[in-house]
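Structure data (compact mmCIF, C-alpha atoms and all ligand atoms) from query.txt:
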```txt
# COMPACT_ATOMS: atom_id res chain seq x y z
CA MET D 677 -17.40 24.46 3.55
CA LYS D 678 -20.77 23.36 4.89
CA SER D 679 -20.73 21.73 8.31
CA LEU D 680 -22.83 18.68 8.82
CA GLU D 681 -24.49 17.24 11.91
CA GLU D 682 -25.58 13.93 10.42
CA VAL D 683 -25.91 12.11 7.15
CA GLY D 684 -28.55 13.86 5.03
CA SER D 685 -31.77 12.24 3.82
CA GLU D 686 -30.48 11.12 0.42
CA GLY D 687 -27.41 9.57 2.06
CA ASN D 688 -29.49 7.81 4.71
CA HIS D 689 -31.72 6.27 2.09
CA TRP D 690 -28.76 4.81 0.19
CA LEU D 691 -26.96 3.63 3.34
CA GLY D 692 -30.04 1.62 4.32
CA GLU D 693 -30.05 -0.02 0.90
CA TYR D 694 -26.31 -0.63 1.12
CA GLN D 695 -26.75 -2.63 4.31
CA ASP D 696 -29.49 -4.71 2.69
CA VAL D 697 -27.47 -5.86 -0.30
CA HIS D 698 -23.78 -5.96 0.70
CA MET D 699 -22.00 -8.51 2.83
CA HIS D 700 -20.96 -6.82 6.04
CA VAL D 701 -17.19 -6.98 5.71
CA PHE D 702 -16.55 -3.23 5.87
CA GLY D 703 -18.92 -1.88 8.52
CA LYS D 704 -21.39 0.87 7.69
CA PRO D 705 -19.97 3.39 5.17
CA LEU D 706 -19.51 6.89 6.57
CA ARG D 707 -21.19 8.71 3.69
CA VAL D 708 -22.45 8.06 0.17
CA LEU D 709 -20.18 10.04 -2.14
CA ASP D 710 -21.15 11.44 -5.50
CA HIS D 711 -18.26 13.24 -7.20
CA GLY D 712 -14.96 14.97 -6.54
CA LYS D 713 -12.46 17.48 -7.85
CA GLY D 714 -8.81 17.53 -6.83
CA ALA D 715 -8.60 16.84 -3.09
CA HIS D 716 -12.30 17.65 -2.54
CA VAL D 717 -15.30 15.35 -2.72
CA TRP D 718 -19.08 15.84 -2.40
CA ASP D 719 -21.70 13.47 -0.97
CA VAL D 720 -25.16 12.81 -2.41
CA ASP D 721 -26.63 15.49 -0.12
CA GLY D 722 -24.27 18.11 -1.56
CA ASN D 723 -21.92 18.36 1.44
CA GLU D 724 -18.28 19.04 0.59
CA TYR D 725 -15.29 17.29 2.20
CA LEU D 726 -11.57 17.90 2.05
CA ASP D 727 -10.14 14.42 1.54
CA PHE D 728 -7.04 13.55 3.57
CA LEU D 729 -7.45 9.84 2.88
CA GLY D 730 -7.57 9.74 -0.92
CA GLY D 731 -9.35 6.38 -1.12
CA ILE D 732 -6.60 4.97 1.17
CA ALA D 733 -3.56 6.27 -0.70
CA VAL D 734 -5.11 5.39 -4.07
CA ASN D 735 -6.25 8.68 -5.59
CA SER D 736 -2.77 9.99 -6.43
CA LEU D 737 -4.17 12.67 -8.74
CA GLY D 738 -7.22 13.36 -6.59
CA TYR D 739 -10.66 13.17 -8.16
CA ALA D 740 -11.43 13.75 -11.84
CA HIS D 741 -7.97 14.92 -12.89
CA PRO D 742 -8.58 16.16 -16.48
CA LYS D 743 -5.64 14.27 -18.02
CA TRP D 744 -6.59 11.03 -16.25
CA VAL D 745 -10.23 11.40 -17.30
CA ALA D 746 -9.18 12.09 -20.91
CA ALA D 747 -6.80 9.11 -21.01
CA VAL D 748 -9.33 6.68 -19.56
CA ALA D 749 -12.11 7.98 -21.81
CA GLU D 750 -9.91 7.74 -24.88
CA GLN D 751 -8.86 4.18 -24.05
CA ALA D 752 -12.47 3.21 -23.28
CA GLY D 753 -13.45 4.57 -26.68
CA LYS D 754 -10.83 2.34 -28.34
CA MET D 755 -10.97 -0.89 -26.34
CA ALA D 756 -11.33 -1.72 -22.65
CA HIS D 757 -10.23 -5.33 -22.47
CA ILE D 758 -8.45 -7.76 -24.75
CA SER D 759 -7.22 -10.82 -22.69
CA ASN D 760 -3.60 -11.88 -22.44
CA TYR D 761 -3.70 -13.55 -25.82
CA PHE D 762 -3.12 -9.97 -27.01
CA ALA D 763 -1.13 -6.93 -25.91
CA SER D 764 -1.82 -3.19 -25.79
CA GLU D 765 0.48 -0.19 -26.10
CA ALA D 766 -0.67 1.10 -22.72
CA GLN D 767 0.43 -1.98 -20.78
CA ILE D 768 3.83 -2.07 -22.49
CA SER D 769 4.41 1.65 -21.82
CA LEU D 770 3.38 1.31 -18.18
CA ALA D 771 5.67 -1.67 -17.56
CA ARG D 772 8.57 0.25 -19.10
CA MET D 773 7.80 3.32 -16.96
CA LEU D 774 7.62 1.30 -13.74
CA ILE D 775 10.97 -0.39 -14.42
CA ASP D 776 12.51 3.02 -15.16
CA LYS D 777 11.03 4.75 -12.12
CA ALA D 778 12.16 1.91 -9.85
CA GLY D 779 15.66 2.13 -11.33
CA ALA D 780 15.43 -1.64 -11.72
CA PRO D 781 18.41 -3.25 -13.48
CA GLU D 782 18.60 -4.42 -17.09
CA GLY D 783 16.52 -7.55 -17.56
CA SER D 784 13.88 -6.64 -14.95
CA HIS D 785 10.27 -7.57 -15.73
CA VAL D 786 6.79 -6.58 -14.55
CA TYR D 787 3.77 -8.74 -13.77
CA PHE D 788 0.41 -6.95 -13.68
CA GLY D 789 -2.52 -7.98 -11.50
CA ASN D 790 -5.51 -6.05 -10.23
CA SER D 791 -4.84 -5.29 -6.56
CA GLY D 792 -2.20 -5.16 -3.88
CA ALA D 793 -3.01 -8.63 -2.66
CA GLU D 794 -2.53 -9.94 -6.18
CA GLY D 795 0.83 -8.21 -6.48
CA ASN D 796 1.88 -9.99 -3.31
CA GLU D 797 0.42 -13.33 -4.43
CA ALA D 798 2.64 -13.06 -7.50
CA ALA D 799 5.65 -12.20 -5.34
CA LEU D 800 5.00 -15.13 -2.98
CA LYS D 801 4.61 -17.56 -5.88
CA LEU D 802 7.84 -16.27 -7.42
CA ALA D 803 9.55 -16.70 -4.03
CA LYS D 804 8.31 -20.28 -3.86
CA LEU D 805 9.78 -21.07 -7.26
CA TYR D 806 13.00 -19.39 -6.20
CA GLY D 807 13.04 -21.39 -2.96
CA ARG D 808 13.11 -24.64 -4.91
CA THR D 809 16.40 -23.61 -6.48
CA LEU D 810 18.11 -23.35 -3.07
CA PRO D 811 20.37 -26.15 -1.79
CA GLY D 812 18.56 -28.42 0.66
CA ALA D 813 15.10 -27.31 -0.48
CA THR D 814 13.92 -30.39 -2.32
CA PRO D 815 11.92 -32.62 0.04
CA HIS D 816 11.85 -35.58 -2.37
CA LEU D 817 15.66 -35.60 -2.22
CA GLY D 818 15.69 -35.54 1.58
CA GLY D 819 15.66 -31.72 1.82
CA LYS D 820 13.12 -29.43 3.46
CA ASP D 821 10.62 -26.97 1.98
CA ALA D 822 11.91 -23.42 1.77
CA ARG D 823 10.41 -20.79 4.07
CA ILE D 824 9.23 -17.21 3.67
CA ILE D 825 9.69 -14.74 6.51
CA ALA D 826 7.28 -11.86 7.06
CA LEU D 827 7.27 -9.26 9.84
CA THR D 828 5.04 -8.81 12.84
CA HIS D 829 2.59 -5.93 12.29
CA GLY D 830 2.98 -6.31 8.52
CA PHE D 831 0.03 -6.21 6.13
CA HIS D 832 0.06 -7.80 2.69
CA GLY D 833 -3.60 -8.35 1.77
CA ARG D 834 -6.64 -10.52 2.36
CA THR D 835 -6.37 -13.32 -0.20
CA LEU D 836 -5.24 -16.60 1.32
CA GLY D 837 -1.58 -16.35 0.25
CA ALA D 838 -1.16 -12.69 1.13
CA LEU D 839 -3.11 -13.26 4.35
CA SER D 840 -0.64 -15.98 5.32
CA ALA D 841 2.04 -13.27 5.41
CA THR D 842 -0.22 -10.72 7.15
CA TRP D 843 0.45 -10.55 10.83
CA LYS D 844 -2.67 -9.32 12.62
CA PRO D 845 -3.95 -12.45 14.38
CA ALA D 846 -7.59 -11.27 14.47
CA ILE D 847 -7.84 -11.20 10.68
CA ARG D 848 -5.52 -14.17 9.96
CA GLU D 849 -6.27 -16.84 12.55
CA PRO D 850 -9.94 -17.51 11.69
CA PHE D 851 -8.73 -18.80 8.30
CA ALA D 852 -6.04 -21.16 9.56
CA PRO D 853 -4.56 -23.39 8.34
CA LEU D 854 -3.08 -21.07 5.74
CA VAL D 855 -0.06 -21.36 3.43
CA PRO D 856 2.60 -23.32 5.33
CA ASN D 857 6.22 -22.27 5.82
CA ILE D 858 5.47 -18.59 6.20
CA GLU D 859 6.86 -17.38 9.51
CA PHE D 860 6.88 -14.06 11.37
CA ALA D 861 9.95 -12.31 12.78
CA GLU D 862 9.61 -9.40 15.20
CA SER D 863 9.57 -6.20 13.14
CA GLY D 864 12.65 -4.03 13.63
CA ASP D 865 14.55 -6.66 15.65
CA ILE D 866 17.58 -7.78 13.64
CA GLU D 867 18.48 -10.49 16.18
CA ALA D 868 15.04 -12.04 15.74
CA MET D 869 15.59 -12.04 11.98
CA ARG D 870 19.03 -13.61 12.39
CA GLU D 871 17.48 -16.31 14.60
CA ALA D 872 14.84 -17.03 11.96
CA PHE D 873 17.55 -17.53 9.33
CA ARG D 874 19.65 -19.68 11.67
CA ARG D 875 16.87 -22.22 12.06
CA THR D 876 17.81 -23.45 8.60
CA GLY D 877 19.65 -26.76 8.93
CA GLN D 878 19.93 -30.51 8.77
CA GLY D 879 18.56 -32.94 11.34
CA LYS D 880 15.30 -33.21 13.21
CA TYR D 881 15.06 -29.58 14.35
CA GLY D 882 16.55 -27.83 11.35
CA LYS D 883 14.18 -26.06 8.97
CA GLY D 884 14.26 -25.47 5.22
CA PRO D 885 16.22 -22.58 3.72
CA VAL D 886 14.73 -19.07 3.58
CA ALA D 887 13.46 -18.24 0.10
CA ALA D 888 12.46 -14.67 0.85
CA VAL D 889 11.77 -11.96 3.36
CA ILE D 890 8.71 -9.86 2.55
CA MET D 891 8.30 -6.52 4.32
CA GLU D 892 7.03 -2.95 4.11
CA LEU D 893 9.37 0.02 4.59
CA ILE D 894 6.56 1.88 6.29
CA GLN D 895 4.01 -0.41 7.88
CA GLY D 896 0.93 1.47 6.75
CA GLU D 897 -1.90 -0.55 8.24
CA ALA D 898 0.06 -0.91 11.49
CA GLY D 899 -0.22 2.86 11.96
CA VAL D 900 2.35 4.34 9.54
CA ARG D 901 5.44 2.95 11.25
CA ALA D 902 8.71 3.52 9.38
CA MET D 903 11.50 0.95 9.43
CA ASN D 904 14.89 1.85 10.80
CA PRO D 905 17.28 1.96 7.82
CA GLU D 906 19.99 0.08 9.75
CA TYR D 907 17.52 -2.72 10.32
CA VAL D 908 16.73 -2.84 6.60
CA GLN D 909 20.46 -2.99 5.82
CA GLY D 910 20.79 -5.82 8.32
CA VAL D 911 17.95 -7.75 6.68
CA ARG D 912 19.56 -7.25 3.27
CA ALA D 913 22.88 -8.57 4.62
CA LEU D 914 21.19 -11.70 6.01
CA CYS D 915 19.34 -12.27 2.73
CA ASP D 916 22.66 -11.99 0.87
CA GLU D 917 24.45 -14.29 3.30
CA TYR D 918 21.78 -17.01 3.03
CA GLY D 919 20.82 -16.46 -0.62
CA ALA D 920 17.27 -15.27 0.14
CA LEU D 921 15.23 -12.74 -1.82
CA LEU D 922 14.26 -9.43 -0.27
CA ILE D 923 10.78 -8.35 -1.35
CA PHE D 924 9.48 -4.88 -0.52
CA ASP D 925 5.72 -4.54 -0.42
CA GLU D 926 5.29 -0.99 -1.76
CA VAL D 927 1.56 -1.31 -2.35
CA GLN D 928 0.95 1.65 -0.04
CA THR D 929 4.33 3.42 -0.12
CA GLY D 930 4.99 3.26 -3.86
CA ILE D 931 4.33 5.59 -6.81
CA GLY D 932 5.38 8.88 -5.26
CA ARG D 933 3.43 8.56 -2.03
CA THR D 934 6.40 8.94 0.33
CA GLY D 935 8.22 11.65 -1.62
CA ALA D 936 10.10 9.25 -3.91
CA TRP D 937 8.85 7.01 -6.71
CA PHE D 938 9.41 4.07 -4.36
CA ALA D 939 10.09 4.23 -0.63
CA PHE D 940 13.24 2.12 -1.04
CA GLN D 941 14.75 5.06 -2.94
CA ARG D 942 14.71 7.06 0.31
CA GLU D 943 17.94 6.61 2.28
CA ASP D 944 16.07 7.45 5.47
CA LEU D 945 13.85 4.38 5.02
CA SER D 946 15.96 1.79 3.23
CA GLY D 947 19.53 2.86 4.03
CA GLY D 948 20.18 2.53 0.30
CA VAL D 949 19.11 -1.12 0.15
CA ILE D 950 17.97 -2.41 -3.26
CA PRO D 951 15.34 -5.18 -3.16
CA ASP D 952 15.01 -8.20 -5.44
CA ALA D 953 11.36 -7.49 -6.08
CA VAL D 954 8.85 -4.74 -5.38
CA THR D 955 5.07 -4.99 -5.31
CA PHE D 956 2.85 -2.00 -6.11
CA ALA D 957 -0.85 -1.23 -6.37
CA LYS D 958 -2.89 1.45 -4.58
CA GLY D 959 -1.68 4.69 -6.22
CA VAL D 960 -0.42 3.25 -9.51
CA ALA D 961 -3.47 3.86 -11.67
CA GLY D 962 -4.91 6.84 -9.81
CA GLY D 963 -8.11 5.06 -8.78
CA PHE D 964 -8.34 2.32 -11.36
CA PRO D 965 -7.84 -1.19 -9.88
CA MET D 966 -4.33 -2.35 -10.69
CA GLY D 967 -1.41 -3.93 -8.87
CA GLY D 968 1.60 -6.00 -9.63
CA LEU D 969 5.19 -6.93 -9.19
CA ILE D 970 8.56 -5.79 -10.52
CA ALA D 971 11.13 -8.59 -10.42
CA PHE D 972 14.65 -7.16 -10.47
CA GLY D 973 16.99 -8.67 -13.02
CA GLU D 974 16.79 -11.37 -15.65
CA SER D 975 17.36 -14.53 -13.63
CA LEU D 976 14.62 -13.88 -11.06
CA SER D 977 12.19 -12.73 -13.75
CA ALA D 978 12.89 -15.90 -15.75
CA LEU D 979 11.46 -18.11 -12.98
CA PHE D 980 7.95 -17.24 -14.18
CA THR D 981 7.27 -19.10 -17.41
CA PRO D 982 4.01 -19.52 -19.37
CA GLY D 983 1.48 -21.06 -16.99
CA SER D 984 3.26 -20.03 -13.77
CA HIS D 985 0.79 -17.28 -13.03
CA GLY D 986 -1.86 -15.08 -14.57
CA SER D 987 -5.22 -13.37 -14.35
CA THR D 988 -7.89 -12.65 -16.94
CA PHE D 989 -7.71 -8.92 -16.28
CA ALA D 990 -3.91 -8.72 -15.88
CA GLY D 991 -2.54 -5.68 -17.72
CA ASN D 992 -6.03 -4.64 -18.82
CA PRO D 993 -5.68 -1.70 -21.29
CA LEU D 994 -8.06 0.57 -19.41
CA ALA D 995 -6.17 0.10 -16.13
CA ALA D 996 -2.85 0.47 -17.95
CA ALA D 997 -3.96 3.69 -19.67
CA ALA D 998 -5.01 5.02 -16.26
CA GLY D 999 -1.57 4.02 -14.96
CA VAL D 1000 0.32 5.75 -17.77
CA ALA D 1001 -1.76 8.91 -17.25
CA THR D 1002 -1.12 8.77 -13.50
CA LEU D 1003 2.65 8.34 -13.73
CA THR D 1004 2.89 10.96 -16.46
CA ALA D 1005 0.96 13.54 -14.42
CA ILE D 1006 3.01 12.77 -11.29
CA GLU D 1007 6.12 13.54 -13.30
CA ASP D 1008 4.84 16.55 -15.30
CA GLU D 1009 3.27 18.22 -12.26
CA HIS D 1010 6.20 17.53 -9.91
CA LEU D 1011 3.90 15.73 -7.51
CA ILE D 1012 6.71 13.82 -5.82
CA ASP D 1013 8.21 17.14 -4.69
CA ASN D 1014 4.73 18.23 -3.68
CA ALA D 1015 4.30 15.05 -1.61
CA GLU D 1016 7.56 15.76 0.19
CA GLU D 1017 6.75 19.44 0.84
CA ARG D 1018 3.07 19.07 1.73
CA GLY D 1019 3.90 16.13 4.00
CA ALA D 1020 6.49 18.18 5.89
CA GLN D 1021 4.01 21.05 6.10
CA LEU D 1022 1.34 18.72 7.49
CA ARG D 1023 3.56 17.09 10.11
CA ASP D 1024 5.02 20.44 11.21
CA ALA D 1025 1.62 22.07 11.46
CA LEU D 1026 0.24 19.15 13.49
CA SER D 1027 3.26 19.18 15.81
CA ASN D 1028 2.85 22.93 16.33
CA SER D 1029 -0.94 22.95 16.58
CA GLY D 1030 -0.85 23.22 20.36
CA ASN D 1031 -3.66 20.66 20.55
CA PRO D 1032 -2.90 18.38 23.53
CA LEU D 1033 -4.67 15.51 21.74
CA PHE D 1034 -1.80 15.30 19.24
CA VAL D 1035 1.22 13.63 20.83
CA SER D 1036 3.44 13.40 17.76
CA ALA D 1037 3.32 13.30 13.97
CA ARG D 1038 5.17 10.71 11.87
CA GLY D 1039 5.50 9.52 8.28
CA ARG D 1040 7.21 10.40 5.03
CA GLY D 1041 5.84 12.47 2.17
CA LEU D 1042 2.06 12.17 2.13
CA LEU D 1043 1.82 8.95 4.13
CA ASP D 1044 1.51 10.28 7.66
CA ALA D 1045 -0.09 9.74 11.03
CA VAL D 1046 -0.63 11.62 14.22
CA GLU D 1047 -0.53 9.81 17.51
CA LEU D 1048 -3.39 10.66 19.85
CA SER D 1049 -3.05 11.08 23.61
CA HIS D 1050 -5.87 8.55 24.13
CA PRO D 1051 -7.54 5.91 21.92
CA CYS D 1052 -10.36 8.01 20.44
CA ALA D 1053 -9.55 7.64 16.73
CA HIS D 1054 -13.06 6.65 15.67
CA ALA D 1055 -14.67 9.60 17.47
CA ALA D 1056 -11.97 11.81 15.92
CA VAL D 1057 -12.86 10.60 12.42
CA ASP D 1058 -16.55 11.34 12.99
CA TRP D 1059 -15.79 14.72 14.51
CA ALA D 1060 -13.61 15.73 11.53
CA LEU D 1061 -16.11 14.36 9.00
CA GLU D 1062 -18.89 16.47 10.47
CA ARG D 1063 -16.66 19.49 9.87
CA GLY D 1064 -15.86 18.54 6.29
CA LEU D 1065 -12.54 16.68 6.63
CA ILE D 1066 -11.92 13.02 5.80
CA VAL D 1067 -9.23 11.29 7.89
CA ASN D 1068 -8.71 7.64 8.83
CA ALA D 1069 -8.58 5.77 12.15
CA VAL D 1070 -5.60 3.54 11.35
CA ALA D 1071 -5.23 2.48 15.00
CA PRO D 1072 -7.27 3.25 18.12
CA ASP D 1073 -4.71 5.93 19.02
CA ALA D 1074 -3.62 7.15 15.58
CA LEU D 1075 -5.11 9.02 12.62
CA ARG D 1076 -3.70 8.34 9.17
CA PHE D 1077 -3.38 10.93 6.41
CA ALA D 1078 -2.84 9.97 2.78
CA PRO D 1079 -4.22 12.91 0.80
CA PRO D 1080 -4.00 13.01 -2.99
CA LEU D 1081 -0.51 13.97 -4.18
CA VAL D 1082 -2.09 17.06 -5.77
CA VAL D 1083 -3.13 18.44 -2.37
CA SER D 1084 -2.30 22.17 -2.10
CA SER D 1085 -0.63 24.16 0.62
CA GLN D 1086 -3.99 25.89 1.21
CA ASP D 1087 -5.72 22.49 1.58
CA ILE D 1088 -3.18 21.43 4.21
CA GLU D 1089 -3.77 24.69 6.11
CA THR D 1090 -7.53 24.19 5.95
CA GLY D 1091 -7.26 20.57 7.13
CA VAL D 1092 -4.93 21.35 10.00
CA GLY D 1093 -7.16 24.29 10.89
CA ILE D 1094 -10.03 21.85 11.41
CA LEU D 1095 -7.86 19.31 13.25
CA SER D 1096 -6.45 21.98 15.59
CA GLY D 1097 -9.92 22.56 16.98
CA MET D 1098 -10.52 18.91 17.80
CA PRO D 1099 -11.49 18.59 21.49
CA ASP D 1100 -9.17 16.38 23.54
CA ASP D 1101 -11.99 14.76 25.54
CA LEU D 1102 -13.47 12.71 22.67
CA LYS D 1103 -14.95 9.34 23.55
CA ASP D 1104 -12.52 6.38 23.45
CA ASP D 1105 -13.03 3.62 20.85
C1 LIG K 1 -3.47 -2.13 0.90
C2 LIG K 1 -2.27 -2.99 1.02
C3 LIG K 1 -2.26 -4.29 0.50
C4 LIG K 1 -3.47 -4.93 -0.10
O1 LIG K 1 -3.90 -4.31 -1.25
P1 LIG K 1 -5.37 -4.63 -1.82
O2 LIG K 1 -5.44 -3.84 -3.09
O3 LIG K 1 -6.33 -4.19 -0.78
O4 LIG K 1 -5.43 -6.08 -2.07
C5 LIG K 1 -1.09 -5.00 0.58
N1 LIG K 1 0.02 -4.49 1.14
C6 LIG K 1 0.04 -3.24 1.65
C7 LIG K 1 1.29 -2.72 2.25
C8 LIG K 1 -1.12 -2.47 1.63
O5 LIG K 1 -1.12 -1.25 2.17
```
Now that the file is in, can you turn its structure into structure tokens?
Amino acid sequence: MKSLEEVGSEGNHWLGEYQDVHMHVFGKPLRVLDHGKGAHVWDVDGNEYLDFLGGIAVNSLGYAHPKWVAAVAEQAGKMAHISNYFASEAQISLARMLIDKAGAPEGSHVYFGNSGAEGNEAALKLAKLYGRTLPGATPHLGGKDARIIALTHGFHGRTLGALSATWKPAIREPFAPLVPNIEFAESGDIEAMREAFRRTGQGKYGKGPVAAVIMELIQGEAGVRAMNPEYVQGVRALCDEYGALLIFDEVQTGIGRTGAWFAFQREDLSGGVIPDAVTFAKGVAGGFPMGGLIAFGESLSALFTPGSHGSTFAGNPLAAAAGVATLTAIEDEHLIDNAEERGAQLRDALSNSGNPLFVSARGRGLLDAVELSHPCAHAAVDWALERGLIVNAVAPDALRFAPPLVVSSQDIETGVGILSGMPDDLKDD
């Protein structure tokens, strides 16, 4: 693997052009990439990188997986887009597979969108319709609008609805006022959740009923922070007691990433809790934009009727074919087992690296983080990149790892080998 001191000349040329023509919402890109293979990717100057980020948990099959490439090419050669006046085999197969993999009950239905935010927009709209069916939730009859509860440190996307349920004040507050009746309860604190539910009531100070709780089982953007399963059980019990929906945002954790098809299928995350709806996106189509929602059971699914929701691209055949190829390869190549094993290997190796910079490793499957002894994550990313390894600064004091599910044992050794040599006096963010 070639080491690299700085971006090469070809890369520099393109990065200058990038800055000229793109709105500056992402900061300057680290490199200009050209092509990849498996868990490895090359930039326009020919430098190779081992990718422990996988397009932020998106590239489930890595780069240019032959079966994915063949499926997308074949679908492109037949038809790419058809509108929702028509259906395709690929979208029907993918919906069926997702319901099966989620173990969702008879009568469950899928809505397809194009991103994680859109999956959550669909879930929030469904929750609003559900909220109107609750006693005391009809303002024109003297009731009060239903509420949705999200968690502190949670992330659900950047569109206005999803942003309303996203906690981080710095990215949410500049766009206030947002969707009303979305509240935050302290993540992991069951008493805080109970309090939020108890505010429902008659009279001047009582609030409307709770339509739904939306939460992640591992808060990815917050630094890969897993929920305590007892807390999740407690939230489920409150939702049952008050008739609220429990929605799991599995945009980052879903589709094999955490060593199960969905994170809620892991006892050590969910405590066995079954949600009423699950959103998915990132890894589902192996790099093709797609996201959506699985509503569990017939009665919840039936709240969406023609006109309730939609998108021109929803269920697009090309995205759906990419999704079918992705789920099929995950199954055929036992990539969920690989996620579990490679994740354990990664966390163990980091914990035993002897590098004083690494305080502790956490995560499940191949959604992991290492906590740093001081807030130097950005310098750590640059340092690793110059040595041919892509990692992510998910917090000032944490690096996130979400390699492709196809990552090999050798790749993990190589990556940890690089990380082990990271100096512990890097510059703070
Ligand atoms: C990435 C992410 C989203 C947003 O997905 P986009 O495709 O960027 O809109 C929502 N929820 C979670 C948990 C995520 O990790």
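Distances to Ile950 in chain D were evaluated for D:Gly779, D:Ser1049, D:Ser1096, D:Val855 using all atoms listed in the file, and the minimum falls at D:Gly779.
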Counting all atoms listed in the file, which protein, DNA or RNA residues come within 8 Å of ligand LIG 1 (chain K), given as an NGL selection string? :D and (732 or 790-796 or 830-835 or 838 or 892 or 895-897 or 925-929 or 957-958 or 965-967)
Output for the residues just chosen: C-alpha atoms as a compact mmCIF listing (two decimals), keeping the file's coordinate frame:
```
# COMPACT_ATOMS: atom_id res chain seq x y z
CA ILE D 732 -6.60 4.97 1.17
CA ASN D 790 -5.51 -6.05 -10.23
CA SER D 791 -4.84 -5.29 -6.56
CA GLY D 792 -2.20 -5.16 -3.88
CA ALA D 793 -3.01 -8.63 -2.66
CA GLU D 794 -2.53 -9.94 -6.18
CA GLY D 795 0.83 -8.21 -6.48
CA ASN D 796 1.88 -9.99 -3.31
CA GLY D 830 2.98 -6.31 8.52
CA PHE D 831 0.03 -6.21 6.13
CA HIS D 832 0.06 -7.80 2.69
CA GLY D 833 -3.60 -8.35 1.77
CA ARG D 834 -6.64 -10.52 2.36
CA THR D 835 -6.37 -13.32 -0.20
CA ALA D 838 -1.16 -12.69 1.13
CA GLU D 892 7.03 -2.95 4.11
CA GLN D 895 4.01 -0.41 7.88
CA GLY D 896 0.93 1.47 6.75
CA GLU D 897 -1.90 -0.55 8.24
CA ASP D 925 5.72 -4.54 -0.42
CA GLU D 926 5.29 -0.99 -1.76
CA VAL D 927 1.56 -1.31 -2.35
CA GLN D 928 0.95 1.65 -0.04
CA THR D 929 4.33 3.42 -0.12
CA ALA D 957 -0.85 -1.23 -6.37
CA LYS D 958 -2.89 1.45 -4.58
CA PRO D 965 -7.84 -1.19 -9.88
CA MET D 966 -4.33 -2.35 -10.69
CA GLY D 967 -1.41 -3.93 -8.87
```
Find, counting all atoms listed in the file, the residue in D:Leu805, D:Val1000, D:Leu737, D:Ala861 that gets nearest to Met773 in chain D. D:Val1000
If we count all atoms listed in the file and set the cut-off at 9 Å, which residues sit around Leu1061 in chain D, ignoring sequence neighbours fewer than 3 positions away in its own chain? Please answer as JSON, numbers by chain. {"D": [679, 680, 706, 725, 1056, 1057, 1058, 1064, 1065, 1066, 1067]}
Spatial neighbours of Arg875 in chain D, 12 Å, only C-alpha atoms, chain gap at least 4 places, as a PyMOL selection string: chain D and resi 820+822-823+825+859+868-871+879-886+918
Do you know which residues are at most 12 Å from Phe851 in chain D counting all atoms listed in the file, after dropping those on the same chain fewer than 2 positions away, and could you put them as number ranges by chain? D: 834-837, 839-840, 842, 845-849, 853-855
Go ahead and save the residues from that selection, with C-alpha atoms, as a short mmCIF file (atom, residue, chain, number, x, y, z; two decimals), keeping the file's coordinate frame.
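Result went into result-v8.cif, see below:
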```cif
data_model
loop_
_atom_site.label_atom_id
_atom_site.label_comp_id
_atom_site.auth_asym_id
_atom_site.auth_seq_id
_atom_site.Cartn_x
_atom_site.Cartn_y
_atom_site.Cartn_z
CA ARG D 834 -6.64 -10.52 2.36
CA THR D 835 -6.37 -13.32 -0.20
CA LEU D 836 -5.24 -16.60 1.32
CA GLY D 837 -1.58 -16.35 0.25
CA LEU D 839 -3.11 -13.26 4.35
CA SER D 840 -0.64 -15.98 5.32
CA THR D 842 -0.22 -10.72 7.15
CA PRO D 845 -3.95 -12.45 14.38
CA ALA D 846 -7.59 -11.27 14.47
CA ILE D 847 -7.84 -11.20 10.68
CA ARG D 848 -5.52 -14.17 9.96
CA GLU D 849 -6.27 -16.84 12.55
CA PRO D 853 -4.56 -23.39 8.34
CA LEU D 854 -3.08 -21.07 5.74
CA VAL D 855 -0.06 -21.36 3.43
#
```
Given the choices D:Ala740, D:Ala799, D:Leu1022, D:Val720, which gets closest to Gln1086 in chain D if the distance is worked out from only C-alpha atoms?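 When distances to Gln1086 in chain D are compared using only C-alpha atoms, the smallest one comes from D:Leu1022.
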Report, as AutoDock Vina command-line options, the centre and edge lengths in Å (one decimal) of the axis-aligned box enclosing every listed atom of range 1045-1062 of chain D, padded by 5 Å on each side.
```
--center_x -9.5 --center_y 11.2 --center_z 16.6 --size_x 28.8 --size_y 20.6 --size_z 25.1
```
Rounded to one decimal, what separation in Å do you get between CA of Ile758 in chain D and CA of Ala996 in chain D?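 Between these atoms lies a distance of 12.1 Å.
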Long-range neighbours of Trp690 in chain D as a list in words, 10 Å cut-off, all atoms listed in the file, 4 positions minimum in chain: Ser685, Glu686, Tyr694, Gln695, Asp696, Arg707, Val708 and Val720 of chain D
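Each of D:Gln909, D:Asp1101, D:Asn1014, D:Asn1028 was checked against Ser1085 in chain D using all atoms listed in the file; the smallest atom-to-atom distance is that of D:Asn1014.
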Env of range 934-948 of chain D: 7 Å cut, atoms = only C-alpha atoms, seq-sep filter 2 positions within chain, self excluded. Answer as number ranges by chain. D: 777-778, 893, 902-906, 908-909, 929-932, 950, 1012-1013, 1015-1016, 1040-1043
Could you state the separation of CA of His741 in chain D and CA of Lys713 in chain D in Å, given to one decimal place?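 Those two atoms sit 7.2 Å apart.
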d(CA of Ala852 in chain D, CA of His985 in chain D) in Å: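 Separation of CA of Ala852 in chain D and CA of His985 in chain D: 23.9 Å.
Using all atoms listed in the file for every distance, the candidate list D:Leu914, D:Leu691, D:Met1098, D:Ala887 yields D:Ala887 as the residue closest to Gly812 in chain D.
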Counting all atoms listed in the file, the option among D:Gly986, D:Gly963, D:Pro1079, D:Gly818 closest to Thr1002 in chain D: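 Under the stated criterion, the closest residue is D:Gly963.
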